[in-house]
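**Student:** Please see the structure below; I have some questions.
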Amino acid sequence: MKGRFGRAEAGIRTWSGGGKDQKGEEALKYVVFTDMDGTLIDHHTYSYQAARPALERIREEEIPLVICTSKTRAEIEKFRAELGISDPFISENGGAMFIPRGYFEVPFPSDKELGEYLVIEQGTSYPILREVLREVERATKTEIEGFGDMTAQKISEDSGLDLVSAALSKMREYDEPFKVVGDGEGAEAVLEEIKKRGLSCTRGGRYYHIMGKNDKGRAVSTLSEIFRRELGYVATIGVGDSQNDLPMLESVDLPVLVQKPDGTYEPVELEVKRAEGVGPVGWNRALMEILR
């Protein structure tokens, strides 16, 4: 069988993420794009246990689950292995899309081949980001601490990640998380200097992120187009919780916001489904409602 979705021997495409409804009409096909930290996994414990019912439902119906996060490729691969996910994923705030070889049958342009993946790159390389961050630090006379300045032990203590995960979080390619030292004083000047240098910055759950002109929305739109050329019409679902998820939510058909740890929602002007529940609790509830 060729491709993730396959073709029957008679040459007819098969799709188990949709199928027929009770009237025998073609049911809606879904693709789910999801953030991780504070969304699919808990902000404090990094657990996804509360989302297991919906994860099982997605697995049973073979609905593509595309992780779209600020995390590194190495971190995502560990998570995908735990859950048995084999779908494409988007790393480091849209820096790159990693598509397993043979997943799609339709052709699409890629920038390079890396191991088992065809890679579509949209981000700026990590060494350039690090260099610019040092320039910004000198220009603003503000101390900046990025992951490249921190040991795995320090990241673990600062974020609550275990040591293995903290080490994986340092394996960066397109995005540098950082803190403005001194209770955030000087942060506005830092962000302005980053913009002056032609780069962008967003805020995640714990850190600022310096990156190129990539964002989650551009990557989601690119992958959505490939899915639609492969499958015909699909409805895209996007689930997030913070500022850096907004481009993703603007790029999907069904945007969903889960509650932050304090019970609030990220303020947005976009019309979204506000899921009741913090992080994976809200994620599970929203996906079960939509898929039902």
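Each chain of the structure tokens is named A, B, ... in the order shown, its residues numbered from 1; ligands are numbered from 1 in display order.
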So that I can see what lies close to Leu246 in chain A, please list as an mmCIF file with N, CA and C atoms, in the first residue's frame the residues with an atom at most 9 Å from it, counting only C-alpha atoms and leaving out residues fewer than 5 positions away in the same chain.
**Tutor:**
```
data_model
loop_
_atom_site.group_PDB
_atom_site.id
_atom_site.type_symbol
_atom_site.label_atom_id
_atom_site.label_comp_id
_atom_site.auth_asym_id
_atom_site.auth_seq_id
_atom_site.Cartn_x
_atom_site.Cartn_y
_atom_site.Cartn_z
ATOM 1 N N LYS A 216 3.215 29.736 12.893
ATOM 2 C CA LYS A 216 2.442 28.501 12.810
ATOM 3 C C LYS A 216 1.406 28.554 11.697
ATOM 4 N N GLY A 217 0.849 29.742 11.450
ATOM 5 C CA GLY A 217 -0.209 29.863 10.459
ATOM 6 C C GLY A 217 0.254 29.546 9.046
ATOM 7 N N GLY A 240 -5.244 25.580 20.456
ATOM 8 C CA GLY A 240 -4.121 26.262 21.084
ATOM 9 C C GLY A 240 -4.555 26.968 22.353
ATOM 10 N N ASP A 241 -3.589 27.677 22.961
ATOM 11 C CA ASP A 241 -3.903 28.360 24.216
ATOM 12 C C ASP A 241 -3.251 29.721 24.364
ATOM 13 N N SER A 251 -5.778 30.159 10.605
ATOM 14 C CA SER A 251 -5.564 29.427 9.354
ATOM 15 C C SER A 251 -6.387 28.158 9.238
ATOM 16 N N VAL A 268 -8.619 37.168 22.036
ATOM 17 C CA VAL A 268 -8.553 37.125 20.575
ATOM 18 C C VAL A 268 -9.774 37.819 19.995
ATOM 19 N N LEU A 270 -10.659 36.870 16.909
ATOM 20 C CA LEU A 270 -11.151 35.802 16.052
ATOM 21 C C LEU A 270 -12.312 35.058 16.721
#
```
**Student:** Mind dumping a table of every range 203-273 of chain A residue within 9 Å of range 280-286 of chain A, with the nearest atom pair and its distance in Å to one decimal, using only C-alpha atoms, sorted by chain and rising number, as JSON lines?
**Tutor:**
```
{"residue": "A:Val239", "atom": "CA", "partner": "A:Trp283", "partner_atom": "CA", "distance": 7.2}
{"residue": "A:Gly240", "atom": "CA", "partner": "A:Trp283", "partner_atom": "CA", "distance": 8.6}
{"residue": "A:Val256", "atom": "CA", "partner": "A:Ala286", "partner_atom": "CA", "distance": 7.5}
{"residue": "A:Leu257", "atom": "CA", "partner": "A:Gly282", "partner_atom": "CA", "distance": 8.3}
{"residue": "A:Val258", "atom": "CA", "partner": "A:Gly282", "partner_atom": "CA", "distance": 5.2}
{"residue": "A:Gln259", "atom": "CA", "partner": "A:Gly282", "partner_atom": "CA", "distance": 6.8}
{"residue": "A:Lys273", "atom": "CA", "partner": "A:Ala286", "partner_atom": "CA", "distance": 8.1}
```
**Student:** Those same residues - all heavy atoms - I'd like them written as a CSV table (one decimal), in the first residue's frame.
**Tutor:**
```
chain,number,residue,atom,x,y,z
A,239,VAL,N,-6.1,23.7,17.7
A,239,VAL,CA,-6.3,23.9,19.1
A,239,VAL,C,-5.1,24.5,19.7
A,239,VAL,O,-3.9,24.0,19.5
A,239,VAL,CB,-6.6,22.5,19.8
A,239,VAL,CG1,-7.1,22.8,21.2
A,239,VAL,CG2,-7.6,21.7,19.0
A,240,GLY,N,-5.2,25.6,20.5
A,240,GLY,CA,-4.1,26.3,21.1
A,240,GLY,C,-4.6,27.0,22.4
A,240,GLY,O,-5.7,26.9,22.8
A,256,VAL,N,-10.0,26.4,18.1
A,256,VAL,CA,-10.4,26.1,19.4
A,256,VAL,C,-9.4,26.7,20.4
A,256,VAL,O,-8.2,26.5,20.2
A,256,VAL,CB,-10.5,24.6,19.7
A,256,VAL,CG1,-10.9,24.3,21.1
A,256,VAL,CG2,-11.5,24.0,18.7
A,257,LEU,N,-9.8,27.4,21.4
A,257,LEU,CA,-9.0,27.8,22.5
A,257,LEU,C,-9.3,27.1,23.8
A,257,LEU,O,-10.5,26.9,24.1
A,257,LEU,CB,-9.2,29.3,22.8
A,257,LEU,CG,-8.3,30.4,22.1
A,257,LEU,CD1,-8.8,31.8,22.5
A,257,LEU,CD2,-6.8,30.2,22.3
A,258,VAL,N,-8.2,26.6,24.4
A,258,VAL,CA,-8.4,26.0,25.8
A,258,VAL,C,-8.1,27.0,26.8
A,258,VAL,O,-7.4,28.0,26.5
A,258,VAL,CB,-7.6,24.7,25.9
A,258,VAL,CG1,-8.0,23.6,24.9
A,258,VAL,CG2,-6.1,25.0,25.8
A,259,GLN,N,-8.5,26.7,28.0
A,259,GLN,CA,-8.2,27.7,29.1
A,259,GLN,C,-6.8,27.6,29.6
A,259,GLN,O,-6.2,26.5,29.6
A,259,GLN,CB,-9.2,27.4,30.3
A,259,GLN,CG,-10.6,27.8,30.0
A,259,GLN,CD,-11.5,27.4,31.2
A,259,GLN,OE1,-11.7,26.2,31.5
A,259,GLN,NE2,-12.1,28.3,31.9
A,273,LYS,N,-14.0,28.6,19.2
A,273,LYS,CA,-14.7,27.8,20.1
A,273,LYS,C,-13.9,27.8,21.4
A,273,LYS,O,-12.7,27.5,21.4
A,273,LYS,CB,-14.8,26.3,19.6
A,273,LYS,CG,-15.5,25.4,20.7
A,273,LYS,CD,-15.5,23.9,20.1
A,273,LYS,CE,-16.1,23.0,21.1
A,273,LYS,NZ,-17.5,23.3,21.4
```
**Student:** Find the residues around His44 in chain A up to 12 Å (only C-alpha atoms counted), leave out those fewer than 3 positions away in its own chain, and share them as a count of residues only.
**Tutor:** 19
**Student:** Residues within 10 Å of range 113-115 of chain A, please, as a PyMOL selection string. Count only C-alpha atoms; anything in the same chain fewer than 3 positions from it doesn't count.
**Tutor:** chain A and resi 98-101+110+118-120
**Student:** Those selected residues, please, written with N, CA and C atoms and delivered as a PDB file, in the first residue's frame.
**Tutor:**
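File selection38.pdb, as written:
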```
ATOM      1  N   PHE A  98       7.922  18.610   8.812  1.00  0.00           N
ATOM      2  CA  PHE A  98       8.579  17.325   8.595  1.00  0.00           C
ATOM      3  C   PHE A  98       7.533  16.312   8.154  1.00  0.00           C
ATOM      4  N   ILE A  99       7.679  15.828   6.934  1.00  0.00           N
ATOM      5  CA  ILE A  99       6.681  14.943   6.332  1.00  0.00           C
ATOM      6  C   ILE A  99       7.320  13.586   6.076  1.00  0.00           C
ATOM      7  N   PRO A 100       6.842  12.535   6.733  1.00  0.00           N
ATOM      8  CA  PRO A 100       7.421  11.201   6.515  1.00  0.00           C
ATOM      9  C   PRO A 100       7.385  10.806   5.034  1.00  0.00           C
ATOM     10  N   ARG A 101       8.463  10.198   4.577  1.00  0.00           N
ATOM     11  CA  ARG A 101       8.521   9.753   3.188  1.00  0.00           C
ATOM     12  C   ARG A 101       7.348   8.821   2.882  1.00  0.00           C
ATOM     13  N   SER A 110       9.840  20.297  -1.583  1.00  0.00           N
ATOM     14  CA  SER A 110      10.495  20.262  -0.283  1.00  0.00           C
ATOM     15  C   SER A 110      11.885  20.872  -0.429  1.00  0.00           C
ATOM     16  N   LEU A 118      10.862  14.322   4.377  1.00  0.00           N
ATOM     17  CA  LEU A 118      11.007  15.407   3.425  1.00  0.00           C
ATOM     18  C   LEU A 118      10.679  16.675   4.217  1.00  0.00           C
ATOM     19  N   VAL A 119      11.513  17.692   4.107  1.00  0.00           N
ATOM     20  CA  VAL A 119      11.403  18.864   4.969  1.00  0.00           C
ATOM     21  C   VAL A 119      11.083  20.109   4.154  1.00  0.00           C
ATOM     22  N   ILE A 120      10.061  20.831   4.591  1.00  0.00           N
ATOM     23  CA  ILE A 120       9.737  22.139   4.030  1.00  0.00           C
ATOM     24  C   ILE A 120      10.157  23.177   5.075  1.00  0.00           C
TER      25      ILE A 120
END
```
**Student:** Please extract the residues of range 76-250 of chain A with a backbone DSSP assignment of strand (DSSP E or B) and present them as a PyMOL selection string.
**Tutor:** chain A and resi 89-91+96-100+112-114+117-121+144-146+176-180+200-203+208-211+235-240
**Student:** Distance CA of Gly102 in chain A-CA of Val220 in chain A, one decimal place?
**Tutor:**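 CA of Val220 in chain A lies 19.5 Å from CA of Gly102 in chain A.
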**Student:** What are the DSSP helix (DSSP H, G or I) residues of range 135-277 of chain A, as an MDAnalysis selection string?
**Tutor:** chainID A and resid 135:140 147:149 152:159 163:169 187:196 216:231 243:250
**Student:** List the neighbours of range 137-151 of chain A out to 12 Å using only C-alpha atoms; skip same-chain residues closer than 5 positions along the sequence, and give me the result as a PyMOL selection string.
**Tutor:** chain A and resi 71-72+126-127+129-132+156-159+163-164+166-173+175-194+196-197+207-210
**Student:** With C-alpha atoms retained, write the just-selected residues as a compact mmCIF listing (two decimals), in the first residue's frame.
**Tutor:**
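For reference, part_16.txt as written:
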```txt
# COMPACT_ATOMS: atom_id res chain seq x y z
CA LYS A 71 9.15 22.47 20.58
CA THR A 72 12.11 21.01 18.71
CA TYR A 126 19.41 28.90 14.62
CA PRO A 127 22.99 30.31 14.51
CA LEU A 129 19.00 33.87 15.59
CA ARG A 130 21.62 33.47 18.32
CA GLU A 131 23.85 36.10 16.71
CA VAL A 132 21.01 38.60 16.43
CA SER A 156 14.87 21.64 33.76
CA GLU A 157 14.83 23.69 36.97
CA ASP A 158 13.34 26.71 35.21
CA SER A 159 10.63 24.95 33.21
CA LEU A 163 16.45 16.31 32.28
CA VAL A 164 16.02 14.23 29.13
CA ALA A 166 15.33 19.60 28.72
CA ALA A 167 18.30 18.26 26.74
CA LEU A 168 16.03 17.64 23.73
CA SER A 169 14.69 21.19 24.02
CA LYS A 170 18.21 22.52 23.42
CA MET A 171 18.46 20.79 20.03
CA ARG A 172 17.14 23.83 18.22
CA GLU A 173 17.08 24.58 14.50
CA ASP A 175 13.69 29.25 17.04
CA GLU A 176 15.35 30.43 20.28
CA PRO A 177 13.32 30.69 23.48
CA PHE A 178 14.64 33.39 25.81
CA LYS A 179 13.95 35.40 28.94
CA VAL A 180 14.64 39.07 29.61
CA VAL A 181 16.51 38.95 32.92
CA GLY A 182 15.31 41.32 35.64
CA ASP A 183 11.59 40.70 35.87
CA GLY A 184 11.05 41.59 32.24
CA GLU A 185 12.39 45.15 32.47
CA GLY A 186 13.62 46.19 29.05
CA ALA A 187 11.49 43.61 27.27
CA GLU A 188 9.78 46.24 25.10
CA ALA A 189 13.13 47.58 23.89
CA VAL A 190 14.35 44.05 23.18
CA LEU A 191 11.28 43.24 21.08
CA GLU A 192 11.64 46.50 19.14
CA GLU A 193 15.30 45.81 18.35
CA ILE A 194 14.44 42.32 17.12
CA LYS A 196 14.38 46.36 13.47
CA ARG A 197 16.63 43.49 12.41
CA TYR A 207 9.35 32.31 27.17
CA TYR A 208 9.72 34.79 24.37
CA HIS A 209 10.72 33.23 21.06
CA ILE A 210 12.90 34.91 18.43
```
